Structure formats: C-alpha cells, structure tokens
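Encoded as structure tokens, the structure appears first; notes follow it.
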Amino acid sequence: MEEKKNAAEKSSFARGVLLALGTAVLWGGTSPISKYIGSHGVSMVTVMCYRALLVVLLVGAWLRYTRGRGWYRIGRPLLRTYILLGFLTVVLNACGFMISCVYLTVPQALMLHYTFPLAAMAGSLLITGEPPSLREITAGFAVLAGLYIGFRGEGGGLVSVSPAGVLWGVASVTGLAMQTLISRRMLRDGRGDPMLQLFFIHLFGGAMLAAGKTVFFGWGDLKAIDGAIFTLMQYAAIGSGLGAFWFMFSALKYIGAPLVSLICTLELVFALIITALVLRQPSTVFELAGCAVITAAVAFAASGKKRA
C-alpha cells in the first residue's frame with residue numbers, strides 16, 4: 001500500500017515538473033518576439049489586448065463544447081479572485097514583462113524578471129502555508145548568480161539600464177509571484193480549474209487593458225501591424241498566453257509554487273536560442289555559462305522531491 005502511495009506521489013511530482021517545463025519552453029520566445037514587435041512601433045498593450053481576446057474566444061468555445069450551457073456560472077468569491085488574478089496575470093505580469101522588453105535589452109529584462117522565484121518563496125509560507133525547502137532557496141540564489149554571470153556584459157560590468165524598463169520589470173515580477181502563489185493555493189485546495197482560470201483572467205485582465213489603452217493612449221499603433229507582425233502576435237496569444245499559462249496552472253496542482261517558479265527560469269535557455277534565430281544575436285560565452293549554472297540550479301532543486 002505504501003509503495004503504491006509513493007509511486008503515485010512520484011508520478012504526480014514528475015507530471016508537475018514536466019508541465020512547468022512546458023511553460024518554460026513556450027515562454028522562451030516571448031522576450032525576443034516582444035522586442036521585435038515593439039521595435040516596429042506596435043504597443044505591447046495592443047498585443048496583450050489581442051492575446052486576451054483570442055484566449056477568451058478559444059477557451060470560451062472549448063468550455064461551451066465540453067461542458068455545455070452554464071459553464072461560466074461561478075460563485076462570487078471565486079469571481080472576485082479571478083478579477084484580482086486578471087489584474088496580476090495580464091496587466092502586471094504579462095504586459096509589464098513585454099513592455100520591459102522594449103525598454104531593456106532581452107538579457108536585462110530576463111535578469112530582472114527571474115528574481116521572481118525568490119519573491120514567490122518569500123510569500124509562499126504566508127499565502128500557501130508551504131515554506132520553501134533549503135534546496136529551493138539555494139537554487140533561487142544560484143539562479144541569480146547564473147543571471148549575473150550570463151548577462152554582466154563582455155566588459156565585466158552591467159551596462160546602463162532604462163528606469164522605465166526597470167519599473168515595468170518590477171511590476172511584472174510582483175504580478176507573477178502573487179498570481180503563482182494565489183493560483184497554487186486555489187488549485188491545491190480544489191477551488192479552481194485551469195481552463196476556467198484561463199478564461200476569466202484574460203476576460204477581466206484584457207478588459208482592464210483595453211479600457212486603459214482607449215483612455216490614455218489610443219489605438220494609433222494598429223497601422224504598424226503588417227503580416228509578419230500579426231503572425232508573431234499569434235505566438236504571443238496562443239504560445240506564451242494560452243499554452244504556457246495552462247501548463248503553469250496545471251503544474252501548480254501537483255508541485256509547489258517555489259519549484260514551479262524555479263523550473264520556469266529555464267525559459268532563459270530557450271530565450272537565448274530564439275533570440276539568436278529571430279534577432280540574429282548569437283549567445284556569448286558568458287550567456288552560455290550563465291545558462292549552465294541556471295540549469296544546474298533547477299536540476300538541484302527538482303532532485304529534492306517535495307510532496308505537493
């Protein structure tokens with residue numbers, strides 16, 4: 001009986017790790033693609049509004065087909081939580097990160113963004129009641145060391161950074177850490193559903209973004225969208241939006257928020273590959289060394305199995 005229980009726990013743990021890895025793979029293309037789109041005059045807010053609209057339409061159609069009428073009826077407490085998650089996930093996290101990629105270099109944006117595992121660990125005990133393990137804390141600082149090694153610049157020091165980019169990056173880190181912790185608590189306790197969460201956070205978050213852009217910025221950047229940009233926007237919507245967040249929310253059912261956040265740092269490895277292909281910026285020796293440290297840190301954290 002005990003052997004079956006242990007086998008089931010190992011299976012759940014492995015499933016959670018693989019799902020989180022799926023998020024990292026899909027997020028790998030976000031930063032270079034955002035940099036490319038932004039350099040052609042299209043606002044990241046516009047991209048996020050389109051992403052939210054497409055996710056709502058696709059997921060809504062799927063839920064109607066698989067669950068029938070009334071699938072959208074949820075209680076008020078859960079509705080309030082989804083509104084909060086819409087702001088944290090779509091407005092702060094996703095939009096904040098994509099805008100930071102426009103003001104910062106891709107390495108700078110990623111370096112700032114991946115302080116979020118430590119932020120998630122700091123709030124884990126308070127929000128989910130799951131303190132991070134010593135292994136996870138060590139891995140979190142090792143990731144920062146890998147970031148410094150990889151992105152410190154050929155001259156031996158950090159290059160200048162944009163204050164606006166830093167502010168957007170901090171907003172993104174705050175949103176991602178908080179949405180990861182709140183989602184983990186909900187899904188662990190059986191109070192949420194990954195597909196419903198995808199639908200409602202993009203519905204509410206997208207509405208907030210669209211309203212803000214209409215009032216403060218307008219939609220003049222739409223004229224900059226050509227065929228190539230529109231094609232890349234599909235990746236931002238379906239890949240880094242629909243697919244990545246479904247993987248992430250599903251992973252949080254099986255493993256804790258600190259470990260999920262650490263596994264997501266492997267996005268850096270895939271981002272460097274895609275950056276070299278899309279922006280034609282080959283990786284430096286420093287970047288490759290930093291990625292090796294980050295990969296080793298994540299492997300170290302995942303090797304210490306922790307019950308979900």
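Chain labels follow the order of the structure tokens: the first chain is A, the next B, and so on; residue numbering restarts at 1 in every chain, and ligands are counted from 1 in their shown order.
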
(request) Find the spatial neighbours of segment 32-43 of chain A, counting only C-alpha atoms, within a cut-off of 8 Å - ignore same-chain residues fewer than 3 positions away - and output them as number ranges by chain. (result) A: 29, 46-47, 98-99, 101-102, 106, 221-222, 224-225, 229, 232, 236, 271, 274-275, 278-279

I'd like the contact shell of segment 121-128 of chain A - 8 Å cut-off, only C-alpha atoms, skipping same-chain residues fewer than 6 positions apart - returned as a PDB file with C-alpha atoms, in the first residue's frame.
ATOM      1  CA  ILE A 137      16.226  28.700  -1.564  1.00  0.00           C
ATOM      2  CA  MET A 178       1.476  36.872  -6.483  1.00  0.00           C
ATOM      3  CA  LEU A 181       1.052  31.844  -5.064  1.00  0.00           C
ATOM      4  CA  ILE A 182      -2.672  32.579  -5.199  1.00  0.00           C
ATOM      5  CA  ARG A 184      -1.253  27.397  -6.123  1.00  0.00           C
ATOM      6  CA  ARG A 185      -3.421  27.865  -3.039  1.00  0.00           C
ATOM      7  CA  ALA A 257       4.935  27.476  -6.251  1.00  0.00           C
ATOM      8  CA  PRO A 258       8.668  27.811  -5.384  1.00  0.00           C
TER       9      PRO A 258
END

(request) Point out the residue among A:His202, A:Arg73, A:Lys223, A:Lys253 with the least atom-to-atom distance to Leu88 of chain A, counting only C-alpha atoms. (result) A:His202

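The list of residues with at least one atom within 12 Å of Ala292 of chain A, based on only C-alpha atoms and without residues fewer than 4 positions apart in the same chain, reads Ala142, Val143, Ala145, Gly146, Leu147, Ile149, Gly150, Thr265, Leu266, Leu268, Val269, Val285, Phe286, Glu287, Leu288, Ala296, Ala297, Val298 and Ala299 of chain A.
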
With N, CA and C atoms retained, export the selected residues as an mmCIF file, in the first residue's frame.
data_model
loop_
_atom_site.group_PDB
_atom_site.id
_atom_site.type_symbol
_atom_site.label_atom_id
_atom_site.label_comp_id
_atom_site.auth_asym_id
_atom_site.auth_seq_id
_atom_site.Cartn_x
_atom_site.Cartn_y
_atom_site.Cartn_z
ATOM 1 N N ALA A 142 21.252 30.630 -6.619
ATOM 2 C CA ALA A 142 22.131 30.159 -7.693
ATOM 3 C C ALA A 142 21.650 30.662 -9.049
ATOM 4 N N VAL A 143 20.330 30.748 -9.234
ATOM 5 C CA VAL A 143 19.779 31.304 -10.471
ATOM 6 C C VAL A 143 20.216 32.754 -10.638
ATOM 7 N N ALA A 145 22.897 34.066 -9.436
ATOM 8 C CA ALA A 145 24.318 34.028 -9.783
ATOM 9 C C ALA A 145 24.491 33.719 -11.266
ATOM 10 N N GLY A 146 23.705 32.774 -11.775
ATOM 11 C CA GLY A 146 23.766 32.453 -13.198
ATOM 12 C C GLY A 146 23.367 33.620 -14.069
ATOM 13 N N LEU A 147 22.365 34.376 -13.617
ATOM 14 C CA LEU A 147 21.940 35.563 -14.358
ATOM 15 C C LEU A 147 23.067 36.591 -14.413
ATOM 16 N N ILE A 149 26.317 36.069 -14.093
ATOM 17 C CA ILE A 149 27.397 35.553 -14.945
ATOM 18 C C ILE A 149 27.039 35.710 -16.421
ATOM 19 N N GLY A 150 25.798 35.349 -16.752
ATOM 20 C CA GLY A 150 25.393 35.341 -18.145
ATOM 21 C C GLY A 150 25.208 36.708 -18.759
ATOM 22 N N THR A 265 12.494 29.286 -14.796
ATOM 23 C CA THR A 265 13.690 30.047 -15.158
ATOM 24 C C THR A 265 14.422 29.424 -16.338
ATOM 25 N N LEU A 266 14.113 28.174 -16.658
ATOM 26 C CA LEU A 266 14.720 27.554 -17.840
ATOM 27 C C LEU A 266 14.252 28.221 -19.129
ATOM 28 N N LEU A 268 15.073 30.980 -19.868
ATOM 29 C CA LEU A 268 16.264 31.705 -20.306
ATOM 30 C C LEU A 268 17.034 30.949 -21.374
ATOM 31 N N VAL A 269 17.155 29.641 -21.194
ATOM 32 C CA VAL A 269 17.893 28.825 -22.156
ATOM 33 C C VAL A 269 17.224 28.888 -23.518
ATOM 34 N N VAL A 285 29.912 33.671 -24.572
ATOM 35 C CA VAL A 285 30.418 32.653 -23.641
ATOM 36 C C VAL A 285 29.821 32.877 -22.255
ATOM 37 N N PHE A 286 29.693 34.155 -21.851
ATOM 38 C CA PHE A 286 29.117 34.463 -20.547
ATOM 39 C C PHE A 286 27.673 33.971 -20.451
ATOM 40 N N GLU A 287 26.894 34.207 -21.504
ATOM 41 C CA GLU A 287 25.493 33.789 -21.506
ATOM 42 C C GLU A 287 25.362 32.272 -21.430
ATOM 43 N N LEU A 288 26.205 31.574 -22.166
ATOM 44 C CA LEU A 288 26.171 30.116 -22.134
ATOM 45 C C LEU A 288 26.564 29.585 -20.758
ATOM 46 N N ALA A 296 21.771 23.850 -13.841
ATOM 47 C CA ALA A 296 22.228 23.025 -12.719
ATOM 48 C C ALA A 296 21.447 23.353 -11.444
ATOM 49 N N ALA A 297 21.126 24.644 -11.242
ATOM 50 C CA ALA A 297 20.377 25.050 -10.047
ATOM 51 C C ALA A 297 18.964 24.456 -10.049
ATOM 52 N N VAL A 298 18.310 24.494 -11.207
ATOM 53 C CA VAL A 298 16.962 23.942 -11.312
ATOM 54 C C VAL A 298 16.984 22.423 -11.110
ATOM 55 N N ALA A 299 17.971 21.766 -11.700
ATOM 56 C CA ALA A 299 18.095 20.319 -11.521
ATOM 57 C C ALA A 299 18.329 19.971 -10.059
#

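In terms of minimum interatomic distance to Leu112 of chain A, A:Trp168 ranks closest within A:Trp62, A:Tyr50, A:Trp168, A:Phe245, counting only C-alpha atoms.
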
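Nearest to Leu84 of chain A of all the residues A:Phe217, A:Phe116, A:Phe204, A:Tyr235 is A:Phe204, based on only C-alpha atoms.
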
(message) From a backbone DSSP assignment, name each residue in segment 66-298 of chain A labelled alpha helix (DSSP H), as a PyMOL selection string.
(response) chain A and resi 66-67+76-86+96-103+106-113+116-127+134-151+163-188+194-216+227-234+244-251+257-264+267-278+285-298
